[in-house]
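Novice: So that you have it, the file is my_file12.txt, and it contains compact mmCIF, C-alpha atoms and all ligand atoms:
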```txt
# COMPACT_ATOMS: atom_id res chain seq x y z
CA MET A 1 -12.21 -19.07 5.64
CA THR A 2 -10.44 -17.24 2.83
CA ARG A 3 -8.98 -13.87 3.57
CA LYS A 4 -10.50 -10.78 2.00
CA ARG A 5 -8.46 -9.01 -0.63
CA LEU A 6 -7.18 -5.56 0.23
CA VAL A 7 -7.27 -2.57 -2.12
CA ILE A 8 -5.55 0.59 -0.90
CA GLY A 9 -5.79 3.88 -2.77
CA ASN A 10 -2.86 6.26 -2.46
CA TRP A 11 -4.13 9.73 -3.34
CA LYS A 12 -0.65 11.28 -3.11
CA MET A 13 -1.37 15.00 -3.73
CA TYR A 14 -3.81 14.44 -6.60
CA ILE A 15 -6.88 15.47 -4.60
CA GLU A 16 -6.23 18.98 -3.47
CA SER A 17 -9.23 20.26 -1.52
CA ALA A 18 -11.15 19.01 1.50
CA GLU A 19 -14.35 19.49 -0.48
CA SER A 20 -13.20 17.19 -3.31
CA ALA A 21 -11.95 14.68 -0.74
CA LYS A 22 -15.35 14.65 0.96
CA ASP A 23 -17.22 14.29 -2.34
CA PHE A 24 -14.97 11.38 -3.32
CA ALA A 25 -15.53 9.66 0.03
CA ARG A 26 -19.30 10.15 -0.21
CA VAL A 27 -19.46 8.46 -3.62
CA LEU A 28 -17.04 5.69 -2.65
CA LYS A 29 -19.04 4.87 0.46
CA ARG A 30 -22.19 4.42 -1.62
CA LYS A 31 -20.52 2.41 -4.38
CA VAL A 32 -18.72 -0.10 -2.16
CA ARG A 33 -21.58 -0.74 0.23
CA GLY A 34 -22.16 -4.49 0.47
CA ILE A 35 -19.18 -5.35 -1.72
CA SER A 36 -17.99 -8.83 -0.86
CA GLY A 37 -14.55 -10.26 -0.31
CA VAL A 38 -12.61 -7.03 -0.51
CA GLU A 39 -11.44 -4.55 2.08
CA VAL A 40 -10.96 -0.97 0.89
CA ALA A 41 -8.61 1.64 2.32
CA LEU A 42 -7.56 5.16 1.36
CA ALA A 43 -4.18 6.73 2.14
CA VAL A 44 -5.00 10.43 2.03
CA PRO A 45 -3.01 13.62 2.66
CA ALA A 46 -2.73 14.12 6.44
CA PRO A 47 -4.91 17.27 6.61
CA PHE A 48 -7.80 15.36 5.00
CA ILE A 49 -7.77 12.38 7.38
CA PRO A 50 -10.40 13.92 9.73
CA VAL A 51 -12.90 14.88 7.00
CA VAL A 52 -12.51 11.68 5.03
CA SER A 53 -12.74 9.43 8.07
CA ALA A 54 -15.79 11.35 9.34
CA MET A 55 -17.45 10.87 5.95
CA LEU A 56 -16.61 7.14 5.97
CA GLU A 57 -17.45 6.59 9.62
CA SER A 58 -20.31 4.17 9.13
CA SER A 59 -18.62 2.37 6.25
CA ALA A 60 -16.01 -0.39 6.14
CA VAL A 61 -13.54 1.78 4.17
CA ARG A 62 -10.47 2.50 6.25
CA VAL A 63 -8.51 5.74 6.18
CA GLY A 64 -4.81 6.19 6.72
CA ALA A 65 -1.75 8.33 6.14
CA GLN A 66 0.79 8.30 3.33
CA THR A 67 3.71 8.46 5.75
CA VAL A 68 4.44 9.04 9.44
CA SER A 69 7.50 10.43 11.14
CA GLY A 70 9.77 8.09 13.05
CA LEU A 71 10.99 11.07 15.08
CA SER A 72 9.44 13.22 17.77
CA GLY A 73 9.67 16.66 19.34
CA ALA A 74 11.43 19.41 17.40
CA GLN A 75 10.54 18.18 13.89
CA THR A 76 8.95 20.96 11.89
CA GLY A 77 6.35 19.56 9.53
CA GLY A 78 6.43 16.11 11.08
CA VAL A 79 3.27 14.08 11.64
CA SER A 80 3.44 11.28 14.20
CA GLY A 81 1.56 8.01 14.25
CA ALA A 82 -0.34 9.17 17.33
CA MET A 83 -1.49 12.29 15.44
CA VAL A 84 -2.71 10.15 12.55
CA LYS A 85 -4.54 7.89 14.98
CA THR A 86 -6.30 10.78 16.76
CA ALA A 87 -7.28 12.23 13.40
CA GLY A 88 -9.10 8.98 12.54
CA GLY A 89 -6.42 7.01 10.67
CA THR A 90 -5.94 3.28 11.16
CA PHE A 91 -2.91 2.59 8.97
CA ALA A 92 0.06 4.34 7.38
CA LEU A 93 2.18 3.73 4.30
CA VAL A 94 5.87 3.66 5.20
CA GLY A 95 8.80 3.62 2.83
CA HIS A 96 6.91 4.72 -0.27
CA SER A 97 9.43 5.27 -3.07
CA GLU A 98 8.45 8.93 -3.39
CA ARG A 99 9.46 9.40 0.26
CA ARG A 100 12.62 7.34 -0.17
CA ALA A 101 13.50 9.59 -3.13
CA LEU A 102 13.48 12.55 -0.69
CA GLY A 103 16.25 10.87 1.30
CA GLU A 104 14.37 8.56 3.68
CA ASP A 105 16.65 5.53 3.83
CA ASN A 106 16.13 2.01 5.18
CA VAL A 107 17.01 3.15 8.71
CA ALA A 108 14.42 5.93 8.59
CA VAL A 109 11.82 3.54 7.18
CA HIS A 110 12.47 1.10 10.02
CA GLY A 111 11.88 3.97 12.51
CA GLN A 112 8.65 4.93 10.75
CA LEU A 113 7.39 1.35 10.75
CA VAL A 114 8.02 0.98 14.47
CA ALA A 115 6.49 4.42 15.18
CA ALA A 116 3.36 3.62 13.17
CA ALA A 117 2.87 0.26 14.87
CA SER A 118 3.56 1.68 18.33
CA ALA A 119 0.79 4.21 17.76
CA GLY A 120 -1.63 1.40 16.92
CA LEU A 121 -1.59 1.89 13.16
CA VAL A 122 -1.07 -0.92 10.66
CA PRO A 123 2.16 -0.18 8.79
CA VAL A 124 2.02 -0.80 5.05
CA LEU A 125 5.67 -1.28 4.18
CA CYS A 126 6.38 -0.26 0.58
CA VAL A 127 9.36 -1.87 -1.13
CA GLY A 128 10.52 -1.76 -4.73
CA GLU A 129 13.62 -1.72 -6.86
CA LEU A 130 14.64 1.32 -8.90
CA GLU A 131 15.46 -0.82 -11.93
CA ARG A 132 15.86 -4.42 -12.98
CA THR A 133 19.15 -5.85 -14.10
CA GLU A 134 20.08 -9.08 -15.87
CA ASP A 135 21.86 -10.42 -12.79
CA GLY A 136 18.67 -10.29 -10.71
CA GLY A 137 20.06 -7.68 -8.31
CA HIS A 138 16.50 -6.49 -7.71
CA PHE A 139 15.82 -9.57 -5.59
CA SER A 140 18.61 -8.81 -3.12
CA PHE A 141 17.60 -5.13 -3.12
CA ILE A 142 14.05 -6.03 -2.05
CA ALA A 143 15.30 -8.56 0.52
CA GLU A 144 17.48 -5.86 2.10
CA GLN A 145 14.60 -3.36 2.25
CA ILE A 146 12.46 -5.95 4.03
CA ARG A 147 15.21 -7.15 6.37
CA SER A 148 16.20 -3.68 7.50
CA ALA A 149 12.63 -2.47 7.94
CA LEU A 150 11.76 -5.47 10.12
CA SER A 151 15.03 -5.80 11.97
CA GLY A 152 14.17 -6.16 15.67
CA ALA A 153 10.49 -5.57 14.83
CA GLN A 154 9.51 -9.18 14.14
CA SER A 155 6.78 -9.05 16.75
CA LEU A 156 4.81 -6.72 14.48
CA ALA A 157 4.27 -9.46 11.90
CA GLY A 158 0.60 -9.94 12.76
CA LYS A 159 -0.19 -6.31 11.98
CA LEU A 160 1.88 -5.71 8.90
CA VAL A 161 1.14 -5.32 5.19
CA VAL A 162 3.88 -5.34 2.53
CA ALA A 163 3.35 -3.60 -0.81
CA TYR A 164 5.68 -4.40 -3.68
CA GLU A 165 5.96 -1.34 -5.91
CA PRO A 166 8.77 -1.43 -8.48
CA VAL A 167 9.74 2.22 -8.84
CA TRP A 168 10.21 1.96 -12.60
CA ALA A 169 6.60 0.84 -13.01
CA ILE A 170 4.99 3.63 -10.97
CA GLY A 171 2.89 6.41 -12.46
CA LYS A 172 2.52 4.91 -15.94
CA HIS A 173 -0.30 3.06 -17.61
CA ALA A 174 -1.57 -0.50 -17.47
CA ASP A 175 0.56 -1.58 -20.42
CA SER A 176 3.73 -0.51 -18.54
CA ALA A 177 2.85 -2.37 -15.34
CA LEU A 178 4.42 -5.72 -14.52
CA THR A 179 2.89 -8.80 -16.04
CA SER A 180 1.00 -11.08 -13.69
CA ALA A 181 3.83 -13.63 -14.02
CA GLU A 182 6.44 -11.06 -12.92
CA VAL A 183 4.25 -10.02 -9.99
CA ARG A 184 3.78 -13.65 -8.97
CA GLU A 185 7.52 -14.32 -9.07
CA MET A 186 8.27 -11.37 -6.79
CA ALA A 187 5.33 -12.12 -4.47
CA ILE A 188 6.74 -15.60 -3.90
CA PHE A 189 10.20 -14.16 -3.27
CA ILE A 190 8.81 -11.61 -0.77
CA ARG A 191 6.94 -14.31 1.14
CA LYS A 192 10.10 -16.40 1.24
CA THR A 193 12.09 -13.43 2.54
CA LEU A 194 9.41 -12.75 5.16
CA ALA A 195 9.58 -16.40 6.22
CA ASP A 196 13.35 -16.02 6.73
CA VAL A 197 13.02 -12.77 8.67
CA LEU A 198 9.95 -13.74 10.69
CA ASP A 199 8.98 -17.38 10.64
CA ARG A 200 6.88 -19.31 8.19
CA LYS A 201 3.64 -19.07 10.16
CA SER A 202 3.94 -15.33 10.80
CA ALA A 203 5.00 -14.70 7.20
CA LEU A 204 1.80 -16.30 5.92
CA LYS A 205 -0.22 -13.73 7.88
CA VAL A 206 1.35 -10.77 6.05
CA PRO A 207 -0.68 -9.67 3.03
CA VAL A 208 1.59 -8.93 0.07
CA LEU A 209 0.14 -6.34 -2.32
CA TYR A 210 1.26 -5.14 -5.73
CA GLY A 211 1.32 -1.49 -6.82
CA GLY A 212 2.58 0.28 -9.93
CA SER A 213 0.37 1.42 -12.82
CA VAL A 214 -2.67 -0.54 -11.70
CA GLU A 215 -5.67 0.60 -13.69
CA PRO A 216 -9.09 -0.90 -14.46
CA ALA A 217 -7.55 -2.51 -17.56
CA ASN A 218 -5.07 -4.71 -15.69
CA ALA A 219 -6.52 -5.07 -12.18
CA ALA A 220 -8.49 -8.26 -12.83
CA ALA A 221 -5.54 -10.13 -14.37
CA LEU A 222 -3.11 -9.00 -11.68
CA ILE A 223 -5.38 -10.10 -8.85
CA ALA A 224 -6.37 -13.37 -10.49
CA GLU A 225 -2.91 -14.46 -11.61
CA GLY A 226 -0.40 -12.44 -9.59
CA ASP A 227 -0.58 -14.53 -6.38
CA ILE A 228 -1.08 -11.36 -4.32
CA ALA A 229 -3.44 -10.40 -1.50
CA GLY A 230 -4.45 -7.10 -3.07
CA LEU A 231 -3.44 -3.90 -4.81
CA LEU A 232 -1.98 -0.51 -3.94
CA VAL A 233 -3.34 1.97 -6.44
CA GLY A 234 -1.87 5.42 -7.10
CA HIS A 235 -3.15 7.70 -9.87
CA ALA A 236 -6.18 5.52 -10.67
CA SER A 237 -7.37 5.86 -7.06
CA ALA A 238 -7.84 9.61 -7.46
CA ASP A 239 -10.70 9.02 -9.87
CA VAL A 240 -13.59 7.44 -8.01
CA THR A 241 -14.97 5.63 -11.08
CA SER A 242 -11.62 3.98 -11.87
CA PHE A 243 -11.01 3.15 -8.23
CA VAL A 244 -14.41 1.48 -7.88
CA GLU A 245 -13.77 -0.52 -11.08
CA ILE A 246 -10.48 -1.76 -9.62
CA ILE A 247 -12.18 -2.67 -6.34
CA SER A 248 -14.90 -4.51 -8.24
CA ALA A 249 -12.25 -6.48 -10.15
CA CYS A 250 -11.05 -7.78 -6.77
CA LYS A 251 -14.46 -8.96 -5.54
CA LYS A 252 -14.71 -12.59 -4.56
C1 LIG B 301 2.07 4.40 -5.95
O1 LIG B 301 2.92 5.25 -6.16
O2 LIG B 301 1.80 3.99 -4.81
C2 LIG B 301 1.36 3.87 -7.11
C3 LIG B 301 0.89 2.67 -7.03
O3 LIG B 301 1.28 4.70 -8.18
P1 LIG B 301 0.61 4.45 -9.61
O4 LIG B 301 -0.58 3.55 -9.43
O5 LIG B 301 0.24 5.80 -10.09
O6 LIG B 301 1.66 3.79 -10.45
```
Mind converting the file's structure to structure tokens?
Ligand code: PEP

Specialist:
Amino acid sequence: MTRKRLVIGNWKMYIESAESAKDFARVLKRKVRGISGVEVALAVPAPFIPVVSAMLESSAVRVGAQTVSGLSGAQTGGVSGAMVKTAGGTFALVGHSERRALGEDNVAVHGQLVAAASAGLVPVLCVGELERTEDGGHFSFIAEQIRSALSGAQSLAGKLVVAYEPVWAIGKHADSALTSAEVREMAIFIRKTLADVLDRKSALKVPVLYGGSVEPANAAALIAEGDIAGLLVGHASADVTSFVEIISACKK
């Protein structure tokens, strides 16, 4: 049986009201009903998890958080994995580059990954280099992000997703995204790194997604030729028509 593809939308802060979030979810639910071969998920701002998951209750679309805290107790503004879970979330992005840019380092990301998994959420580990250099330093950079996030957490392999999001390709347009060949090369490298950190069998269970300027114009080529299990979509996921077009491009 072939595995379904996975398309995750990351709303970031693009959708600003609970009303717009509900309207989006209502339309999405209708448009993806009966869609075959693709699993759909939305990483929404934490305050909208309850309304969006209530709206999507009888649908297969999953709802999750854009980050979780790896800490507990006296942490003003923190949101734990358990809070996300009670609010209706089933997964959480961890290590997104926009969080790393705020100072969350590999150690913090490891803590968040473990906290998310311990709360029963699927962690979606985001990795990506800031820039590419001639000497291929981006490969060792990605390997280190994966190794440190999974250090001592190998048992989580069966419940993990990895999303490759080169920081320099985020928030642009389809023509600035990676080519399918570049995505394929990194997807192979990530699976090899996972096989070193976990073991070959466990590594094969981890879906590797690509994210960074995915739009309707490039989604079909990336999914067909990029050797990836799915897509993580930022700005284009905040427009329901674009998001549905991307999902449709991933149908099997
Ligand atoms: C992201 O930041 O997760 C992302 C994929 O953004 P965009 O699609 O806007 O490049």

Novice: Per residue of chain A within 7 Å of ligand LIG 301 (chain B), which atom pair is closest and at what distance in Å (one decimal), using all atoms listed in the file, listed by chain and increasing number, as JSON lines?

Specialist:
```
{"residue": "A:Asn10", "atom": "CA", "partner": "B:LIG301", "partner_atom": "O2", "distance": 5.7}
{"residue": "A:His96", "atom": "CA", "partner": "B:LIG301", "partner_atom": "O2", "distance": 6.9}
{"residue": "A:Glu165", "atom": "CA", "partner": "B:LIG301", "partner_atom": "C3", "distance": 6.6}
{"residue": "A:Ala169", "atom": "CA", "partner": "B:LIG301", "partner_atom": "O6", "distance": 6.3}
{"residue": "A:Ile170", "atom": "CA", "partner": "B:LIG301", "partner_atom": "O6", "distance": 3.4}
{"residue": "A:Gly171", "atom": "CA", "partner": "B:LIG301", "partner_atom": "O6", "distance": 3.5}
{"residue": "A:Lys172", "atom": "CA", "partner": "B:LIG301", "partner_atom": "O6", "distance": 5.7}
{"residue": "A:Gly211", "atom": "CA", "partner": "B:LIG301", "partner_atom": "C3", "distance": 4.2}
{"residue": "A:Gly212", "atom": "CA", "partner": "B:LIG301", "partner_atom": "O6", "distance": 3.7}
{"residue": "A:Ser213", "atom": "CA", "partner": "B:LIG301", "partner_atom": "O6", "distance": 3.6}
{"residue": "A:Val214", "atom": "CA", "partner": "B:LIG301", "partner_atom": "O4", "distance": 5.1}
{"residue": "A:Leu232", "atom": "CA", "partner": "B:LIG301", "partner_atom": "C3", "distance": 5.3}
{"residue": "A:Val233", "atom": "CA", "partner": "B:LIG301", "partner_atom": "C3", "distance": 4.3}
{"residue": "A:Gly234", "atom": "CA", "partner": "B:LIG301", "partner_atom": "O4", "distance": 3.3}
{"residue": "A:His235", "atom": "CA", "partner": "B:LIG301", "partner_atom": "O5", "distance": 3.9}
{"residue": "A:Ala236", "atom": "CA", "partner": "B:LIG301", "partner_atom": "O4", "distance": 6.1}
```

Novice: For Val162 (chain A), work out the shell of residues within 8 Å, counting all atoms listed in the file and skipping chain neighbours fewer than 6 positions away, then give it as a list in words.

Specialist: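 Neighbouring residues, sequence-local ones excluded: Val124, Leu125, Cys126, Val127, Val206, Pro207, Val208 and Leu209 of chain A.
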
Novice: Between A:Ile142, A:Val51, A:Val114, A:Ala92, which one has atoms that come closest to Thr193 (chain A), using all atoms listed in the file?

Specialist: A:Ile142

Novice: Separation of CA of Met83 (chain A) and CA of Val61 (chain A), in Å?

Specialist: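 CA of Val61 (chain A) lies at a distance of 19.6 Å from CA of Met83 (chain A).
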
Novice: Enumerate, in order of chain and increasing residue number, the residues of region 24-115 of chain A with an atom no farther than 10 Å from region 153-158 of chain A, each with its shortest atom pair and distance in Å to one decimal, counting all atoms listed in the file, as a tab-separated table.

Specialist:
```
residue	atom	partner	partner_atom	distance
A:His110	CA	A:Ala153	CA	8.5
A:Gly111	CA	A:Ala153	CA	9.9
A:Leu113	CA	A:Ala153	CA	8.6
A:Val114	CA	A:Ala153	CA	7.0
```

Novice: Can you build me a table of region 30-120 of chain A residues sitting at most 7 Å from region 243-251 of chain A, with the closest atom pair per residue and its distance in Å to one decimal, using only C-alpha atoms, sorted by chain and residue number, as a Markdown table?

Specialist:
```
| residue | atom | partner | partner_atom | distance |
| --- | --- | --- | --- | --- |
| A:Ser36 | CA | A:Lys251 | CA | 5.9 |
| A:Gly37 | CA | A:Lys251 | CA | 5.4 |
| A:Val38 | CA | A:Lys251 | CA | 5.7 |
```

Novice: Can you measure CA of Ser202 (chain A) to CA of Val161 (chain A) for me? One decimal in Å is fine.

Specialist: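 Distance reported for this atom pair: 11.8 Å.
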
Novice: Taking into account all atoms listed in the file, which residue in the set A:Val167, A:Ala177, A:Val107, A:Ala116 is nearest to Gly128 (chain A)?

Specialist: A:Val167

Novice: What does the structure give for the distance between CA of Glu134 (chain A) and CA of Leu194 (chain A), in Å to one decimal?

Specialist: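 Atom-to-atom, CA of Glu134 (chain A) to CA of Leu194 (chain A), that is 23.9 Å.
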
Novice: Neighbouring residues of Lys85 (chain A) were defined as those with any atom within 10 Å, considering only C-alpha atoms; residues of the same chain fewer than 4 positions away were excluded. Please report them as a VMD selection string.

Specialist: chain A and resid 49 to 50 63 to 65 80 to 81 89 to 92 116 119 to 121

Novice: Taking into account all atoms listed in the file, which residue in the set A:Arg62, A:Pro166, A:Gln75, A:Val52 is nearest to His138 (chain A)?

Specialist: A:Pro166

Novice: Tell me which protein, DNA and RNA residues are within 8 Å of Trp11 (chain A), counting only C-alpha atoms, leaving out same-chain ones fewer than 4 positions away, and put them as JSON, numbers by chain.

Specialist: {"A": [15, 42, 43, 44, 45, 234, 235, 237, 238]}

Novice: Taking into account all atoms listed in the file, which residue in the set A:Ala229, A:Ala115, A:Val240, A:Val84 is nearest to Glu39 (chain A)?

Specialist: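 Ranked by minimum distance to Glu39 (chain A), first place goes to A:Ala229.
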
Novice: With all atoms listed in the file as the basis for distance, which of A:Val68, A:Ala60, A:Met186, A:Val197 is at the shortest distance from Glu144 (chain A)?

Specialist: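 Answer, going by the shortest atom-to-atom distance: A:Val197.
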
Novice: Each side padded by 5 Å, which centre and which edge lengths in Å (one decimal) define the axis-aligned box around the listed atoms of region 12-17 of chain A? Give them as AutoDock Vina command-line options.

Specialist:
```
--center_x -4.9 --center_y 15.8 --center_z -4.1 --size_x 18.6 --size_y 19.0 --size_z 15.1
```

Novice: Can you list, as a CSV table (one decimal) with C-alpha atoms, in the coordinates of the input, every protein, DNA or RNA residue that comes within 8 Å of Val183 (chain A) when you count all atoms listed in the file, leaving out same-chain residues fewer than 2 positions away?

Specialist:
```csv
chain,number,residue,atom,x,y,z
A,178,LEU,CA,4.4,-5.7,-14.5
A,179,THR,CA,2.9,-8.8,-16.0
A,180,SER,CA,1.0,-11.1,-13.7
A,181,ALA,CA,3.8,-13.6,-14.0
A,185,GLU,CA,7.5,-14.3,-9.1
A,186,MET,CA,8.3,-11.4,-6.8
A,187,ALA,CA,5.3,-12.1,-4.5
A,210,TYR,CA,1.3,-5.1,-5.7
A,222,LEU,CA,-3.1,-9.0,-11.7
A,226,GLY,CA,-0.4,-12.4,-9.6
A,227,ASP,CA,-0.6,-14.5,-6.4
A,228,ILE,CA,-1.1,-11.4,-4.3
```

Novice: Give as a VMD selection string the set of residues within 6 Å of the point (-4.2, -4.0, -2.0), where distances use the file's coordinates and all atoms listed in the file.

Specialist: chain A and resid 6 to 8 209 230 to 232

Novice: Have a look at A:Gln112, A:Thr133, A:Ser176, A:Ser20 and name the one nearest to Gly78 (chain A); count only C-alpha atoms.

Specialist: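 The answer is A:Gln112, which sits nearest to Gly78 (chain A).
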